[in-house]
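Okay, upload_10.cif now, which holds mmCIF, N, CA and C atoms:
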data_data
#
loop_
_atom_site.label_atom_id
_atom_site.label_comp_id
_atom_site.auth_asym_id
_atom_site.auth_seq_id
_atom_site.Cartn_x
_atom_site.Cartn_y
_atom_site.Cartn_z
N MET A 1 -14.06 148.37 -14.33
CA MET A 1 -12.73 148.02 -14.80
C MET A 1 -11.93 149.30 -15.04
N GLN A 2 -10.63 149.18 -14.81
CA GLN A 2 -9.72 150.31 -14.97
C GLN A 2 -8.68 149.97 -16.03
N ILE A 3 -8.15 151.00 -16.68
CA ILE A 3 -7.07 150.79 -17.65
C ILE A 3 -5.77 150.64 -16.88
N ALA A 4 -5.15 149.47 -17.02
CA ALA A 4 -3.88 149.21 -16.35
C ALA A 4 -2.71 149.53 -17.26
N TYR A 5 -2.93 149.46 -18.57
CA TYR A 5 -1.83 149.66 -19.51
C TYR A 5 -2.37 150.16 -20.84
N ARG A 6 -1.72 151.15 -21.40
CA ARG A 6 -2.05 151.66 -22.73
C ARG A 6 -0.96 151.18 -23.69
N ALA A 7 -1.31 150.25 -24.54
CA ALA A 7 -0.34 149.62 -25.43
C ALA A 7 -0.17 150.39 -26.72
N ARG A 8 0.97 150.16 -27.39
CA ARG A 8 1.21 150.77 -28.70
C ARG A 8 0.33 150.16 -29.77
N ASP A 9 0.12 148.85 -29.68
CA ASP A 9 -0.72 148.17 -30.65
C ASP A 9 -1.39 146.97 -29.98
N ILE A 10 -2.24 146.30 -30.74
CA ILE A 10 -3.03 145.21 -30.18
C ILE A 10 -2.16 144.03 -29.76
N THR A 11 -1.07 143.80 -30.46
CA THR A 11 -0.17 142.70 -30.12
C THR A 11 0.47 142.92 -28.76
N GLU A 12 0.97 144.11 -28.54
CA GLU A 12 1.58 144.43 -27.25
C GLU A 12 0.55 144.32 -26.13
N ALA A 13 -0.67 144.74 -26.39
CA ALA A 13 -1.73 144.65 -25.38
C ALA A 13 -1.98 143.20 -24.99
N HIS A 14 -1.98 142.31 -25.97
CA HIS A 14 -2.20 140.89 -25.66
C HIS A 14 -1.01 140.27 -24.93
N ILE A 15 0.19 140.73 -25.23
CA ILE A 15 1.36 140.23 -24.50
C ILE A 15 1.26 140.62 -23.03
N VAL A 16 0.93 141.87 -22.76
CA VAL A 16 0.81 142.33 -21.38
C VAL A 16 -0.36 141.62 -20.69
N ALA A 17 -1.48 141.45 -21.39
CA ALA A 17 -2.63 140.76 -20.80
C ALA A 17 -2.27 139.32 -20.46
N GLY A 18 -1.53 138.65 -21.32
CA GLY A 18 -1.09 137.29 -21.03
C GLY A 18 -0.16 137.24 -19.84
N PHE A 19 0.71 138.23 -19.75
CA PHE A 19 1.63 138.32 -18.60
C PHE A 19 0.83 138.46 -17.30
N LEU A 20 -0.20 139.30 -17.32
CA LEU A 20 -1.03 139.47 -16.13
C LEU A 20 -1.80 138.19 -15.80
N GLU A 21 -2.31 137.52 -16.83
CA GLU A 21 -3.05 136.27 -16.62
C GLU A 21 -2.17 135.22 -15.95
N VAL A 22 -0.91 135.15 -16.36
CA VAL A 22 0.03 134.19 -15.76
C VAL A 22 0.19 134.46 -14.27
N HIS A 23 0.11 135.73 -13.90
CA HIS A 23 0.27 136.11 -12.49
C HIS A 23 -1.06 136.18 -11.75
N GLY A 24 -2.11 135.61 -12.34
CA GLY A 24 -3.38 135.49 -11.64
C GLY A 24 -4.29 136.70 -11.69
N ILE A 25 -4.03 137.62 -12.59
CA ILE A 25 -4.89 138.80 -12.72
C ILE A 25 -5.66 138.70 -14.02
N GLU A 26 -6.98 138.64 -13.89
CA GLU A 26 -7.83 138.57 -15.07
C GLU A 26 -7.84 139.92 -15.76
N SER A 27 -7.68 139.91 -17.09
CA SER A 27 -7.61 141.17 -17.82
C SER A 27 -8.44 141.09 -19.09
N TYR A 28 -8.70 142.25 -19.66
CA TYR A 28 -9.48 142.36 -20.89
C TYR A 28 -8.75 143.34 -21.80
N VAL A 29 -8.58 142.96 -23.06
CA VAL A 29 -7.93 143.84 -24.04
C VAL A 29 -9.02 144.53 -24.85
N GLY A 30 -9.00 145.84 -24.82
CA GLY A 30 -9.98 146.63 -25.57
C GLY A 30 -9.32 147.33 -26.74
N GLY A 31 -10.12 147.64 -27.75
CA GLY A 31 -9.63 148.39 -28.89
C GLY A 31 -9.47 147.58 -30.15
N HIS A 32 -9.98 146.34 -30.14
CA HIS A 32 -9.85 145.50 -31.34
C HIS A 32 -10.51 146.15 -32.55
N TYR A 33 -11.72 146.63 -32.37
CA TYR A 33 -12.47 147.16 -33.51
C TYR A 33 -11.94 148.51 -33.96
N LEU A 34 -11.44 149.30 -33.06
CA LEU A 34 -10.86 150.59 -33.45
C LEU A 34 -9.59 150.40 -34.25
N GLN A 35 -8.79 149.43 -33.85
CA GLN A 35 -7.54 149.15 -34.56
C GLN A 35 -7.83 148.67 -35.97
N GLY A 36 -8.81 147.80 -36.14
CA GLY A 36 -9.14 147.26 -37.45
C GLY A 36 -9.71 148.30 -38.39
N ALA A 37 -10.37 149.28 -37.86
CA ALA A 37 -10.98 150.31 -38.70
C ALA A 37 -9.92 151.14 -39.42
N LEU A 38 -8.74 151.23 -38.85
CA LEU A 38 -7.69 152.04 -39.46
C LEU A 38 -6.81 151.22 -40.40
N GLY A 39 -6.99 149.92 -40.44
CA GLY A 39 -6.26 149.08 -41.38
C GLY A 39 -4.79 148.96 -41.07
N GLU A 40 -3.96 149.11 -42.09
CA GLU A 40 -2.52 148.89 -41.98
C GLU A 40 -1.75 150.13 -41.55
N ILE A 41 -2.42 151.14 -41.10
CA ILE A 41 -1.75 152.39 -40.74
C ILE A 41 -0.85 152.22 -39.52
N GLY A 42 -1.17 151.28 -38.66
CA GLY A 42 -0.37 151.10 -37.45
C GLY A 42 -0.77 152.09 -36.38
N ALA A 43 -2.04 152.13 -36.12
CA ALA A 43 -2.58 153.09 -35.15
C ALA A 43 -2.05 152.81 -33.76
N ALA A 44 -1.85 153.84 -33.01
CA ALA A 44 -1.34 153.70 -31.65
C ALA A 44 -2.31 154.34 -30.68
N GLY A 45 -2.36 153.82 -29.50
CA GLY A 45 -3.15 154.42 -28.44
C GLY A 45 -4.58 153.91 -28.35
N PHE A 46 -4.97 152.98 -29.18
CA PHE A 46 -6.34 152.48 -29.13
C PHE A 46 -6.44 151.17 -28.37
N SER A 47 -5.34 150.52 -28.10
CA SER A 47 -5.35 149.22 -27.44
C SER A 47 -5.01 149.40 -25.97
N ASN A 48 -5.94 149.00 -25.12
CA ASN A 48 -5.76 149.14 -23.69
C ASN A 48 -5.98 147.81 -22.99
N VAL A 49 -5.28 147.61 -21.90
CA VAL A 49 -5.48 146.43 -21.06
C VAL A 49 -6.24 146.87 -19.83
N HIS A 50 -7.40 146.28 -19.63
CA HIS A 50 -8.26 146.62 -18.51
C HIS A 50 -8.21 145.51 -17.46
N VAL A 51 -8.26 145.90 -16.20
CA VAL A 51 -8.33 144.94 -15.09
C VAL A 51 -9.41 145.40 -14.12
N ASP A 52 -9.82 144.51 -13.24
CA ASP A 52 -10.78 144.88 -12.21
C ASP A 52 -10.19 145.93 -11.29
N ASP A 53 -11.06 146.72 -10.68
CA ASP A 53 -10.62 147.82 -9.81
C ASP A 53 -9.69 147.34 -8.70
N GLU A 54 -10.02 146.19 -8.09
CA GLU A 54 -9.20 145.72 -6.97
C GLU A 54 -7.85 145.16 -7.41
N ASP A 55 -7.68 144.87 -8.70
CA ASP A 55 -6.41 144.35 -9.21
C ASP A 55 -5.53 145.43 -9.83
N LEU A 56 -5.99 146.66 -9.87
CA LEU A 56 -5.28 147.71 -10.59
C LEU A 56 -3.87 147.95 -10.05
N TYR A 57 -3.73 148.09 -8.75
CA TYR A 57 -2.41 148.39 -8.17
C TYR A 57 -1.43 147.26 -8.45
N ARG A 58 -1.84 146.02 -8.21
CA ARG A 58 -0.95 144.87 -8.44
C ARG A 58 -0.60 144.73 -9.92
N ALA A 59 -1.57 144.98 -10.79
CA ALA A 59 -1.32 144.89 -12.24
C ALA A 59 -0.28 145.92 -12.67
N ARG A 60 -0.41 147.13 -12.19
CA ARG A 60 0.56 148.17 -12.57
C ARG A 60 1.94 147.87 -12.01
N GLU A 61 2.02 147.27 -10.83
CA GLU A 61 3.31 146.86 -10.29
C GLU A 61 3.95 145.78 -11.18
N LEU A 62 3.16 144.79 -11.57
CA LEU A 62 3.67 143.73 -12.44
C LEU A 62 4.11 144.27 -13.79
N ILE A 63 3.34 145.19 -14.34
CA ILE A 63 3.69 145.78 -15.63
C ILE A 63 4.98 146.57 -15.52
N ARG A 64 5.15 147.29 -14.43
CA ARG A 64 6.40 148.05 -14.23
C ARG A 64 7.59 147.10 -14.13
N GLU A 65 7.45 146.01 -13.40
CA GLU A 65 8.52 145.01 -13.31
C GLU A 65 8.82 144.41 -14.67
N TYR A 66 7.76 144.12 -15.43
CA TYR A 66 7.93 143.54 -16.78
C TYR A 66 8.69 144.51 -17.68
N GLU A 67 8.31 145.78 -17.67
CA GLU A 67 8.98 146.76 -18.52
C GLU A 67 10.43 146.95 -18.13
N GLU A 68 10.72 146.98 -16.84
CA GLU A 68 12.10 147.15 -16.39
C GLU A 68 12.93 145.93 -16.75
N GLY A 69 12.40 144.75 -16.55
CA GLY A 69 13.11 143.51 -16.88
C GLY A 69 13.27 143.33 -18.37
N HIS A 70 12.27 143.73 -19.13
CA HIS A 70 12.30 143.58 -20.58
C HIS A 70 13.34 144.49 -21.21
N SER A 71 13.42 145.73 -20.77
CA SER A 71 14.37 146.67 -21.37
C SER A 71 15.81 146.34 -20.98
N THR A 72 16.04 145.89 -19.74
CA THR A 72 17.40 145.57 -19.35
C THR A 72 17.86 144.25 -19.94
N ALA A 73 16.93 143.33 -20.15
CA ALA A 73 17.32 142.04 -20.71
C ALA A 73 17.81 142.19 -22.14
N THR A 74 17.20 143.06 -22.90
CA THR A 74 17.65 143.23 -24.27
C THR A 74 18.91 144.07 -24.36
N ALA A 75 19.13 144.97 -23.42
CA ALA A 75 20.29 145.86 -23.49
C ALA A 75 21.56 145.18 -22.99
N THR A 76 21.45 144.25 -22.06
CA THR A 76 22.65 143.65 -21.48
C THR A 76 22.82 142.19 -21.87
N SER A 77 22.27 141.80 -22.97
CA SER A 77 22.38 140.42 -23.43
C SER A 77 23.84 140.09 -23.73
N PRO A 78 24.37 138.96 -23.21
CA PRO A 78 25.78 138.63 -23.46
C PRO A 78 26.05 138.27 -24.92
N ASP A 79 25.03 137.85 -25.66
CA ASP A 79 25.20 137.48 -27.06
C ASP A 79 24.95 138.66 -27.99
N HIS A 80 24.84 139.84 -27.42
CA HIS A 80 24.50 141.02 -28.21
C HIS A 80 25.53 141.31 -29.30
N ASP A 81 26.81 141.07 -29.04
CA ASP A 81 27.88 141.41 -29.98
C ASP A 81 28.27 140.24 -30.87
N LYS A 82 27.65 139.08 -30.74
CA LYS A 82 28.06 137.91 -31.50
C LYS A 82 28.01 138.08 -33.00
N PRO A 83 26.93 138.60 -33.60
CA PRO A 83 26.93 138.74 -35.06
C PRO A 83 28.07 139.62 -35.56
N ASP A 84 28.39 140.66 -34.84
CA ASP A 84 29.48 141.54 -35.23
C ASP A 84 30.81 140.80 -35.17
N GLN A 85 30.99 139.98 -34.16
CA GLN A 85 32.22 139.21 -34.02
C GLN A 85 32.37 138.21 -35.17
N TYR A 86 31.30 137.53 -35.53
CA TYR A 86 31.34 136.59 -36.66
C TYR A 86 31.65 137.32 -37.96
N ALA A 87 31.10 138.49 -38.14
CA ALA A 87 31.35 139.27 -39.36
C ALA A 87 32.82 139.65 -39.47
N ARG A 88 33.43 140.01 -38.36
CA ARG A 88 34.86 140.37 -38.37
C ARG A 88 35.72 139.18 -38.76
N TRP A 89 35.44 138.01 -38.20
CA TRP A 89 36.21 136.82 -38.54
C TRP A 89 36.01 136.42 -39.99
N PHE A 90 34.78 136.56 -40.48
CA PHE A 90 34.51 136.23 -41.87
C PHE A 90 35.29 137.15 -42.81
N LEU A 91 35.29 138.45 -42.51
CA LEU A 91 36.04 139.40 -43.35
C LEU A 91 37.54 139.11 -43.31
N LEU A 92 38.05 138.77 -42.14
CA LEU A 92 39.46 138.44 -42.03
C LEU A 92 39.80 137.20 -42.86
N ALA A 93 38.97 136.17 -42.77
CA ALA A 93 39.19 134.96 -43.56
C ALA A 93 39.09 135.25 -45.05
N LEU A 94 38.18 136.09 -45.44
CA LEU A 94 38.02 136.46 -46.85
C LEU A 94 39.25 137.21 -47.36
N ILE A 95 39.76 138.14 -46.58
CA ILE A 95 40.93 138.90 -46.98
C ILE A 95 42.16 137.98 -47.11
N VAL A 96 42.33 137.08 -46.16
CA VAL A 96 43.46 136.15 -46.22
C VAL A 96 43.34 135.24 -47.44
N THR A 97 42.13 134.77 -47.73
CA THR A 97 41.92 133.91 -48.89
C THR A 97 42.24 134.63 -50.19
N VAL A 98 41.75 135.86 -50.31
CA VAL A 98 42.02 136.65 -51.52
C VAL A 98 43.52 136.91 -51.64
N TRP A 99 44.16 137.24 -50.56
CA TRP A 99 45.60 137.50 -50.57
C TRP A 99 46.37 136.25 -51.04
N LEU A 100 45.97 135.09 -50.51
CA LEU A 100 46.64 133.86 -50.92
C LEU A 100 46.41 133.55 -52.39
N LEU A 101 45.22 133.77 -52.88
CA LEU A 101 44.94 133.56 -54.30
C LEU A 101 45.75 134.49 -55.19
N VAL A 102 45.92 135.71 -54.76
CA VAL A 102 46.72 136.67 -55.52
C VAL A 102 48.18 136.22 -55.52
N GLN A 103 48.68 135.71 -54.42
CA GLN A 103 50.06 135.27 -54.34
C GLN A 103 50.33 134.02 -55.20
N ILE A 104 49.32 133.16 -55.32
CA ILE A 104 49.49 131.94 -56.12
C ILE A 104 49.53 132.27 -57.60
N TYR A 105 48.69 133.16 -58.06
CA TYR A 105 48.63 133.49 -59.49
C TYR A 105 49.51 134.63 -59.77
#

Re-express the file's structure as structure tokens.
Amino acid sequence: MQIAYRARDITEAHIVAGFLEVHGIESYVGGHYLQGALGEIGAAGFSNVHVDDEDLYRARELIREYEEGHSTATATSPDHDKPDQYARWFLLALIVTVWLLVQIY
């Protein structure tokens, strides 16, 4: 077996392993016991996704596509600015309400 991906943590390793499984590549996540030994420190570099030797090239291609699609999907999301837009409208409504209350009293 070869290391196809070196994950930041065990959760990321399982996400990538699941992604590979969906695409028909059997994988194994290693580093469970090393991660647990360090506790809540948030150790990095101990979680690896392993695949069979003959699946290594295809797995790395899929992982590269996943990483490219994942980073662009979060950066170009059309709803990315929505919370900021709602905050602006809320502040405007609050200012108008306060102004009207001041004018009444």

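Here CA of Met1 (chain A) is placed at a distance of 24.9 Å from CA of Glu68 (chain A).
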
>> What does the structure give for the distance between atom N of Ser27 (chain A) and atom C of Val49 (chain A), in Å to one decimal?
In response: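 About the pair atom N of Ser27 (chain A) and atom C of Val49 (chain A): they are 7.6 Å apart.
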
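Near region 52-62 of chain A, within a cut-off of 8 Å and counting only N, CA and C atoms, sit the residues Met1, Gln2, Ile3, Ala4, Tyr5, Phe19, Leu20, Ile25, Glu26, Ser27, Tyr28 and Glu68 of chain A, with same-chain residues fewer than 6 positions away left out.
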
> atom N of Gln103 (chain A) to CA of Gln85 (chain A): how many Å, to one decimal?
Replying inline: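 Interatomic distance here is 26.4 Å.
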
> From the list A:Ile104, A:Val96, A:Leu91, A:Val29, which residue is nearest Thr11 (chain A) when using only C-alpha atoms?
Replying inline: A:Val29

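Closest approach to Val51 (chain A) among A:Glu21, A:Glu12, A:Asp84, A:Glu67 is made by A:Glu21 (distances from only C-alpha atoms).
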